[in-house]
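Coordinates from protein08.cif are shown below (mmCIF, C-alpha atoms).
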```cif
data_work
#
loop_
_atom_site.label_atom_id
_atom_site.label_comp_id
_atom_site.auth_asym_id
_atom_site.auth_seq_id
_atom_site.Cartn_x
_atom_site.Cartn_y
_atom_site.Cartn_z
CA MET A 864 20.66 -8.85 32.77
CA MET A 865 20.51 -11.05 29.73
CA GLY A 866 22.33 -13.82 31.55
CA GLU A 867 19.25 -14.29 33.71
CA ASP A 868 17.13 -15.15 30.68
CA THR A 869 15.74 -18.60 30.59
CA GLU A 870 15.19 -20.61 27.44
CA ASP A 871 11.48 -19.99 27.63
CA ASN A 872 11.61 -16.24 27.97
CA ILE A 873 10.62 -14.64 24.67
CA THR A 874 10.10 -11.19 23.22
CA LYS A 875 7.59 -10.24 20.56
CA ILE A 876 7.20 -7.02 18.64
CA VAL A 877 3.59 -5.94 18.20
CA VAL A 878 3.20 -3.40 15.41
CA ILE A 879 -0.04 -1.47 15.34
CA SER A 880 -1.23 -0.15 12.02
CA SER A 881 -4.86 0.32 12.89
CA ASP A 882 -7.31 3.19 12.50
CA SER A 883 -9.30 2.08 15.54
CA VAL A 884 -6.61 0.90 17.97
CA LEU A 885 -3.90 3.26 19.16
CA PRO A 886 -0.58 2.00 20.52
CA MET A 887 -1.72 3.44 23.86
CA ASP A 888 -4.88 1.26 23.85
CA ALA A 889 -2.77 -1.80 23.22
CA ALA A 890 -0.37 -0.85 26.00
CA MET A 891 -3.28 -0.39 28.41
CA ARG A 892 -4.58 -3.82 27.47
CA VAL A 893 -1.19 -5.30 28.31
CA TYR A 894 -1.07 -3.47 31.64
CA GLU A 895 -4.47 -4.99 32.48
CA SER A 896 -3.04 -8.46 31.95
CA GLU A 897 -2.40 -10.56 35.04
CA ASP A 898 0.62 -12.24 33.52
CA ALA A 899 4.13 -11.48 34.70
CA ILE A 900 5.38 -9.74 31.58
CA THR A 901 7.22 -6.55 30.83
CA ILE A 902 6.44 -4.27 27.93
CA LYS A 903 8.11 -1.39 26.22
CA GLU A 904 6.03 1.12 24.33
CA THR A 905 7.63 2.18 21.07
CA CYS A 906 6.77 4.43 18.17
CA PHE A 907 5.31 1.54 16.15
CA GLY A 908 3.56 -0.39 18.94
CA THR A 909 4.88 -2.37 21.84
CA MET A 910 7.48 -4.98 22.69
CA VAL A 911 6.26 -7.70 25.02
CA ASN A 912 8.75 -9.76 27.01
CA GLY A 913 8.11 -12.64 29.41
CA PRO A 914 7.46 -16.37 29.65
CA ARG A 915 6.43 -17.91 26.32
CA ASP A 916 2.86 -18.86 27.31
CA ALA A 917 2.12 -15.49 28.87
CA VAL A 918 3.52 -13.57 25.89
CA ASN A 919 1.56 -15.67 23.41
CA ARG A 920 -1.62 -15.14 25.44
CA VAL A 921 -1.14 -11.37 25.62
CA VAL A 922 -0.20 -11.13 21.94
CA GLU A 923 -3.34 -13.05 20.99
CA THR A 924 -5.42 -10.62 23.06
CA LEU A 925 -3.77 -7.68 21.34
CA ARG A 926 -4.24 -9.21 17.91
CA SER A 927 -7.94 -9.74 18.58
CA MET A 928 -8.37 -5.98 19.04
CA ASP A 929 -8.02 -5.47 15.29
CA ARG A 930 -6.98 -8.74 13.75
CA ASN A 931 -5.97 -7.63 10.29
CA HIS A 932 -4.19 -4.45 11.28
CA ILE A 933 -2.02 -5.62 14.16
CA PHE A 934 1.11 -7.49 13.17
CA VAL A 935 3.43 -9.53 15.34
CA LYS A 936 6.94 -10.85 14.99
CA ASP A 937 9.51 -12.45 17.23
CA ARG A 938 12.50 -10.54 18.49
CA GLY A 939 15.78 -12.16 19.45
CA PHE A 940 16.95 -9.55 21.92
CA LYS A 941 14.86 -8.47 24.87
CA PRO A 942 13.89 -4.78 25.18
CA GLY A 943 16.81 -2.75 26.46
CA ALA A 944 19.42 -5.44 25.69
CA GLU A 945 22.73 -3.66 26.06
CA VAL A 946 24.16 -4.76 22.70
CA ARG A 947 21.08 -3.49 20.84
CA CYS A 948 19.59 -0.66 22.87
CA ARG A 949 20.39 2.79 21.52
CA ALA A 950 20.99 4.08 25.04
CA GLY A 951 24.24 2.11 25.31
CA ARG A 952 25.34 2.55 21.72
CA GLY A 953 25.49 6.30 21.65
CA GLY A 954 22.31 6.88 19.67
CA GLY A 955 21.46 6.24 16.04
CA PRO A 956 18.86 3.82 14.78
CA ARG A 957 18.80 0.36 16.30
CA PRO A 958 20.08 -2.38 13.95
CA GLY A 959 17.03 -3.82 12.26
CA PHE A 960 14.99 -0.65 12.61
CA HIS A 961 15.38 0.36 8.96
CA PHE A 962 13.86 -2.85 7.69
CA LEU A 963 11.07 -2.71 10.26
CA ARG A 964 10.28 0.87 9.25
CA GLU A 965 10.25 -0.12 5.59
CA GLU A 966 7.78 -2.91 6.26
CA VAL A 967 5.67 -0.80 8.62
CA SER A 968 5.08 1.62 5.74
CA MET A 969 3.52 -1.27 3.78
CA LEU A 970 1.25 -2.45 6.60
CA PRO A 971 -1.83 -0.29 5.83
CA MET A 972 -1.86 -1.80 2.33
CA ILE A 973 -1.38 -5.35 3.67
CA GLY A 974 -4.11 -4.79 6.28
CA ARG A 975 -6.62 -3.66 3.65
CA ALA A 976 -5.72 -6.66 1.47
CA LEU A 977 -6.27 -9.00 4.44
CA ASP A 978 -9.70 -7.38 5.03
CA GLU A 979 -10.60 -8.00 1.39
CA TYR A 980 -9.31 -11.57 1.55
CA ASP A 981 -11.43 -12.27 4.63
CA ALA A 982 -14.44 -10.71 2.92
CA GLY A 983 -13.93 -13.18 0.07
CA GLU A 984 -13.39 -10.55 -2.61
CA PRO A 985 -11.95 -12.14 -5.74
CA LEU A 986 -8.51 -11.13 -6.96
CA GLU A 987 -8.48 -9.33 -10.27
CA GLU A 988 -5.49 -10.49 -12.24
CA LYS A 989 -3.65 -7.47 -13.52
CA GLU A 990 -0.47 -7.21 -15.46
CA ALA A 991 2.14 -5.79 -13.11
CA PRO A 992 4.04 -2.87 -14.66
CA GLN A 993 7.49 -3.99 -15.65
CA LYS A 994 10.63 -2.14 -14.70
CA LEU A 995 12.15 0.11 -17.32
CA ASP A 996 14.48 -1.80 -19.58
CA VAL A 997 18.11 -0.61 -19.50
CA SER A 998 18.34 -0.36 -23.29
CA LYS A 999 15.12 1.64 -23.37
CA LEU A 1000 16.46 3.98 -20.71
CA LYS A 1001 19.66 4.39 -22.72
CA LYS A 1002 17.59 5.23 -25.78
CA ILE A 1003 15.67 7.86 -23.83
CA ILE A 1004 18.93 9.40 -22.55
CA ASP A 1005 20.49 9.42 -26.03
CA SER A 1006 17.41 10.73 -27.80
CA GLU A 1007 17.54 14.31 -28.95
CA LEU A 1008 14.68 16.45 -27.86
CA MET B 846 1.41 -27.11 10.83
CA ALA B 847 4.27 -26.79 8.37
CA LYS B 848 7.61 -25.13 9.07
CA VAL B 849 7.91 -22.33 6.57
CA ILE B 850 11.22 -20.61 5.92
CA ILE B 851 10.82 -16.97 5.02
CA TYR B 852 13.13 -14.76 3.03
CA PRO B 853 13.95 -11.98 4.09
CA THR B 854 14.53 -14.07 7.19
CA ASN B 855 13.61 -11.29 9.61
CA SER B 856 10.51 -10.02 7.83
CA LEU B 857 7.65 -8.78 9.99
CA ILE B 858 5.03 -9.19 7.25
CA LEU B 859 6.03 -12.72 6.28
CA SER B 860 6.54 -13.94 9.83
CA ASP B 861 3.10 -12.58 10.76
CA MET B 862 1.34 -13.99 7.70
CA VAL B 863 2.79 -17.48 8.20
CA GLU B 864 1.68 -17.49 11.84
CA ARG B 865 -1.70 -15.98 10.93
CA PHE B 866 -2.45 -18.86 8.56
CA GLY B 867 -1.55 -21.51 11.10
CA HIS B 868 2.03 -22.44 10.30
CA GLU B 869 5.36 -22.02 12.03
CA PRO B 870 7.64 -19.32 10.59
CA LEU B 871 11.32 -20.21 10.54
CA ALA B 872 12.87 -16.82 11.11
CA MET B 873 16.22 -15.52 12.16
CA MET B 874 14.93 -14.00 15.40
CA GLU B 875 14.37 -17.39 17.04
CA LYS B 876 17.93 -18.46 16.24
CA ILE B 877 19.40 -15.21 17.52
CA ARG B 878 17.45 -15.64 20.75
CA GLU B 879 18.87 -19.15 21.13
CA LYS B 880 22.36 -17.78 20.65
CA ILE B 881 22.13 -14.93 23.10
CA THR B 882 20.31 -16.85 25.82
CA THR B 883 22.62 -19.85 25.79
CA ILE B 884 25.12 -19.46 28.57
CA GLY B 885 28.66 -19.28 27.19
CA VAL B 886 31.99 -17.61 27.71
CA ASP B 887 30.95 -14.39 25.99
CA SER B 888 29.60 -11.64 28.14
CA PRO B 889 27.27 -10.23 26.98
CA PRO B 890 26.35 -13.28 24.87
CA LEU B 891 27.01 -12.52 21.20
CA ASN B 892 24.87 -13.35 18.20
CA ILE B 893 27.91 -14.12 16.07
CA THR B 894 30.97 -15.80 17.56
CA PRO B 895 34.17 -17.25 16.03
CA GLU B 896 32.43 -20.63 16.12
CA GLY B 897 29.89 -19.46 13.52
CA PRO B 898 32.13 -19.61 10.41
CA LYS B 899 33.18 -23.15 11.40
CA HIS B 900 29.59 -24.34 11.59
CA GLY B 901 28.92 -22.50 8.33
CA LEU B 902 31.34 -24.81 6.52
CA LYS B 903 28.43 -27.21 6.15
CA TYR B 904 26.77 -24.75 3.74
CA ALA B 905 29.63 -22.86 2.11
CA ALA B 906 33.16 -23.78 1.07
CA VAL B 907 36.18 -22.75 3.12
CA GLU B 908 37.26 -20.07 0.63
CA VAL B 909 33.92 -18.30 1.03
CA PRO B 910 34.27 -15.20 3.26
CA ALA B 911 33.84 -15.82 6.98
CA GLY B 912 30.93 -13.37 7.06
CA VAL B 913 28.91 -15.52 4.69
CA ARG B 914 29.76 -18.70 6.57
CA GLY B 915 28.95 -17.07 9.90
CA ARG B 916 25.55 -15.98 8.63
CA MET B 917 24.94 -19.39 7.08
CA SER B 918 25.56 -21.00 10.48
CA ILE B 919 22.36 -19.25 11.57
CA ILE B 920 20.28 -19.49 8.38
CA GLY B 921 21.47 -22.93 7.22
CA PRO B 922 19.91 -24.98 10.03
CA LEU B 923 16.61 -23.18 9.37
CA ILE B 924 16.70 -24.26 5.71
CA ASP B 925 17.52 -27.83 6.80
CA VAL B 926 14.28 -28.19 8.72
CA ALA B 927 12.06 -26.18 6.37
CA GLU B 928 9.00 -27.87 4.86
CA ALA B 929 8.03 -24.93 2.64
CA GLY B 930 9.48 -21.60 1.66
CA ILE B 931 8.42 -18.07 0.77
CA ILE B 932 10.97 -15.92 -1.03
CA VAL B 933 10.14 -12.27 -1.46
CA GLY B 934 12.34 -10.40 -3.88
CA ASP B 935 12.80 -6.75 -4.67
CA ALA B 936 13.25 -5.76 -1.02
CA SER B 937 14.20 -2.13 -1.35
CA ILE B 938 16.09 -2.26 1.90
CA SER B 939 18.26 -5.02 3.31
CA PHE B 940 20.23 -3.57 6.17
CA GLY B 941 21.64 -5.10 9.32
CA CYS B 942 21.91 -8.86 9.42
CA MET B 943 20.18 -9.04 6.01
CA GLY B 944 22.74 -6.83 4.32
CA CYS B 945 25.06 -9.46 2.83
CA ALA B 946 24.24 -9.97 -0.85
CA ARG B 947 26.22 -13.21 -1.19
CA THR B 948 24.52 -14.77 1.85
CA ASN B 949 21.17 -13.71 0.45
CA GLU B 950 21.97 -15.37 -2.88
CA LEU B 951 23.14 -18.56 -1.19
CA THR B 952 20.07 -18.61 1.06
CA LYS B 953 17.70 -18.27 -1.90
CA PHE B 954 19.66 -20.89 -3.83
CA LEU B 955 19.51 -23.44 -1.00
CA ILE B 956 15.77 -22.87 -0.51
CA ARG B 957 15.11 -23.33 -4.24
CA GLU B 958 17.35 -26.41 -4.38
CA LYS B 959 15.49 -28.13 -1.58
CA ASP B 960 12.60 -30.32 -2.61
CA ILE B 961 9.91 -28.25 -0.90
CA PRO B 962 7.06 -26.06 -2.18
CA VAL B 963 8.39 -22.55 -2.68
CA LEU B 964 6.50 -19.35 -3.42
CA GLU B 965 8.48 -16.60 -5.12
CA ILE B 966 6.94 -13.17 -5.13
CA GLN B 967 7.92 -9.51 -5.17
CA TYR B 968 7.42 -6.88 -2.50
CA PRO B 969 4.34 -4.79 -3.33
CA HIS B 970 4.54 -1.13 -4.22
CA THR B 971 0.96 -0.36 -5.18
CA GLU B 972 -2.47 -1.22 -3.80
CA GLU B 973 -3.13 -3.85 -6.50
CA GLU B 974 0.26 -5.44 -5.97
CA GLY B 975 -0.42 -5.49 -2.22
CA LYS B 976 -3.66 -7.34 -2.77
CA ALA B 977 -2.03 -9.87 -5.09
CA PHE B 978 0.84 -10.27 -2.59
CA VAL B 979 -1.49 -11.12 0.29
CA TYR B 980 -3.79 -13.35 -1.82
CA ASN B 981 -0.87 -15.35 -3.24
CA ILE B 982 0.73 -15.89 0.16
CA ALA B 983 -2.61 -16.78 1.77
CA GLU B 984 -3.49 -19.31 -0.93
CA PHE B 985 0.01 -20.81 -0.78
CA LEU B 986 -0.13 -21.20 2.99
CA LYS B 987 -3.64 -22.64 2.96
CA ALA B 988 -2.57 -25.24 0.42
CA LEU B 989 0.18 -26.51 2.73
CA PRO B 990 -0.65 -29.52 4.95
CA SER B 991 -2.93 -28.56 7.86
CA GLY B 992 -3.04 -24.92 6.80
CA GLY B 993 -5.14 -22.66 8.98
CA ASP B 994 -8.74 -22.26 7.90
CA ASP B 995 -9.41 -21.55 11.55
CA GLU B 996 -8.77 -17.83 11.43
#
```
How does this structure look as structure tokens?
Amino acid sequence: MMGEDTEDNITKIVVISSDSVLPMDAAMRVYESEDAITIKETCFGTMVNGPRDAVNRVVETLRSMDRNHIFVKDRGFKPGAEVRCRAGRGGGPRPGFHFLREEVSMLPMIGRALDEYDAGEPLEEKEAPQKLDVSKLKKIIDSEL
Amino acid sequence: MAKVIIYPTNSLILSDMVERFGHEPLAMMEKIREKITTIGVDSPPLNITPEGPKHGLKYAAVEVPAGVRGRMSIIGPLIDVAEAGIIVGDASISFGCMGCARTNELTKFLIREKDIPVLEIQYPHTEEEGKAFVYNIAEFLKALPSGGDDE
């Protein structure tokens, strides 16, 4: 029950976007932990719930498995919270899932960039392609082929 | 360690990057947790209650829709304590609690108005943009007081 939560009970989402660490490996690492925490394995990684210190310790262990390709964020609701969990809402994506999925699709790119940043590779300044101007688009539409 | 407000306020990438470089992300998740773990009359505890729009009056006028004021009651206090800000634009998706365009505008406005260092950047779509995105955020965070060189 959520009512039993204490102030210091937190949940973190660990998203794994690694070529060398599978979500299963991360879950096994959490199961090995001696801390009193609960986890939920998900399609993008795991959700870790428990006392703040224990969660932070476990998350740091997970992060160290592949530092630049494992991403962590806080979660307000604990796993299975009845107002969020799909089981009690009659299916459909969980609120917040769309944004998470959108960002998860960017993570391989962010991970590679973090690798390059750590390796000290310089950034090549490039002109970012601009969006198509509305008047230009109109001109293209109106133009006769 | 600086308190860095992130926009979108529930972003995984930004929240992770701020923490990675040794600062404290000010994100919506922490506030929602506070709301739903504080014992009250609502069962189950709700993330938005009728009290929200009243608290939101500090950030938006009374004629502003209750939805905006309710959201601002969560985001506003985060902006109040922020010591730096990262605003990422061009988010192709803003569903759920991020889906209110007027709240998003007001949030960005209040962050820009505050006298704090702010980084404004766009979400990356290509590999080069991704690299520039990470490098810009990393340099910005390292330049903040007691930024993490201890990675």
What residues come out when you apply the PyMOL selection byres ((chain B) within 8 of (chain A)) to this file, written as number ranges by chain? B: 856-858, 860-861, 874-879, 881-884, 889-890, 938-942, 969, 972-977, 979-980
What's the separation between CA of Gln993 in chain A and CA of Thr971 in chain B, in Å to one decimal place? 12.9 Å
For the file shown, report as JSON, numbers by chain the outcome of the PyMOL selection byres ((chain B and resi 872) around 7) at residue level. {"B": [850, 851, 854, 855, 870, 871, 873, 874, 875]}
Output C-alpha atoms for every residue in the selection just made, as a compact mmCIF listing (two decimals), in the coordinates of the input.
```txt
# COMPACT_ATOMS: atom_id res chain seq x y z
CA ILE B 850 11.22 -20.61 5.92
CA ILE B 851 10.82 -16.97 5.02
CA THR B 854 14.53 -14.07 7.19
CA ASN B 855 13.61 -11.29 9.61
CA PRO B 870 7.64 -19.32 10.59
CA LEU B 871 11.32 -20.21 10.54
CA MET B 873 16.22 -15.52 12.16
CA MET B 874 14.93 -14.00 15.40
CA GLU B 875 14.37 -17.39 17.04
```
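Nearest residue to Phe954 in chain B, choosing from B:Pro895, B:Val849, B:Ala905, B:Glu984 and counting all atoms listed in the file: B:Ala905.
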Within 10 Å of Pro922 in chain B, counting all atoms listed in the file, which residues show up once you throw out same-chain ones fewer than 5 positions away? Write them as an NGL selection string, please. :B and (871 or 876 or 900-901 or 903-904 or 917 or 927)
Restricted to C-alpha atoms, what would the selected residues look like written as a tab-separated table (two decimals), in the coordinates of the input?
```
chain	number	residue	atom	x	y	z
B	871	LEU	CA	11.32	-20.21	10.54
B	876	LYS	CA	17.93	-18.46	16.24
B	900	HIS	CA	29.59	-24.34	11.59
B	901	GLY	CA	28.92	-22.50	8.33
B	903	LYS	CA	28.43	-27.21	6.15
B	904	TYR	CA	26.77	-24.75	3.74
B	917	MET	CA	24.94	-19.39	7.08
B	927	ALA	CA	12.06	-26.18	6.37
```
CA of Tyr852 in chain B to CA of Asp935 in chain B, straight-line distance in Å: 11.1 Å
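Across the structure, CA of Ile924 in chain B and CA of Ile956 in chain B are spaced 6.4 Å apart.
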Have a look at B:Val913, B:Ile893, B:Ala847, B:Ile961 and name the one nearest to Lys987 in chain B; count only C-alpha atoms. B:Ala847
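Distances here use all atoms listed in the file; by that measure, the residue among B:Pro898, B:Ile931, B:Lys959, B:Pro853 closest to Leu986 in chain B is B:Ile931.
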Given the file above and the PyMOL selection byres ((chain B and resi 934) around 8), which residues are selected, and can you give them as a ChimeraX atom specification? /B:932-933,935-936,965-968
For the selection just defined, write its residues with C-alpha atoms to a file, as a PDB file, in the frame of the given file.
```
ATOM      1  CA  ILE B 932      10.970 -15.920  -1.030  1.00  0.00           C
ATOM      2  CA  VAL B 933      10.140 -12.270  -1.460  1.00  0.00           C
ATOM      3  CA  ASP B 935      12.800  -6.750  -4.670  1.00  0.00           C
ATOM      4  CA  ALA B 936      13.250  -5.760  -1.020  1.00  0.00           C
ATOM      5  CA  GLU B 965       8.480 -16.600  -5.120  1.00  0.00           C
ATOM      6  CA  ILE B 966       6.940 -13.170  -5.130  1.00  0.00           C
ATOM      7  CA  GLN B 967       7.920  -9.510  -5.170  1.00  0.00           C
ATOM      8  CA  TYR B 968       7.420  -6.880  -2.500  1.00  0.00           C
TER       9      TYR B 968
END
```
Could you list, as a VMD selection string, every residue within 12 Å of Met846 in chain B, counting only C-alpha atoms and ignoring same-chain residues fewer than 6 positions away? chain B and resid 863 to 870 927 to 929 986 to 994
Restricting the output to C-alpha atoms, write the selected residues as a compact mmCIF listing (two decimals), keeping the file's coordinate frame.
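Output saved as part17.txt:
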```
# COMPACT_ATOMS: atom_id res chain seq x y z
CA VAL B 863 2.79 -17.48 8.20
CA GLU B 864 1.68 -17.49 11.84
CA ARG B 865 -1.70 -15.98 10.93
CA PHE B 866 -2.45 -18.86 8.56
CA GLY B 867 -1.55 -21.51 11.10
CA HIS B 868 2.03 -22.44 10.30
CA GLU B 869 5.36 -22.02 12.03
CA PRO B 870 7.64 -19.32 10.59
CA ALA B 927 12.06 -26.18 6.37
CA GLU B 928 9.00 -27.87 4.86
CA ALA B 929 8.03 -24.93 2.64
CA LEU B 986 -0.13 -21.20 2.99
CA LYS B 987 -3.64 -22.64 2.96
CA ALA B 988 -2.57 -25.24 0.42
CA LEU B 989 0.18 -26.51 2.73
CA PRO B 990 -0.65 -29.52 4.95
CA SER B 991 -2.93 -28.56 7.86
CA GLY B 992 -3.04 -24.92 6.80
CA GLY B 993 -5.14 -22.66 8.98
CA ASP B 994 -8.74 -22.26 7.90
```
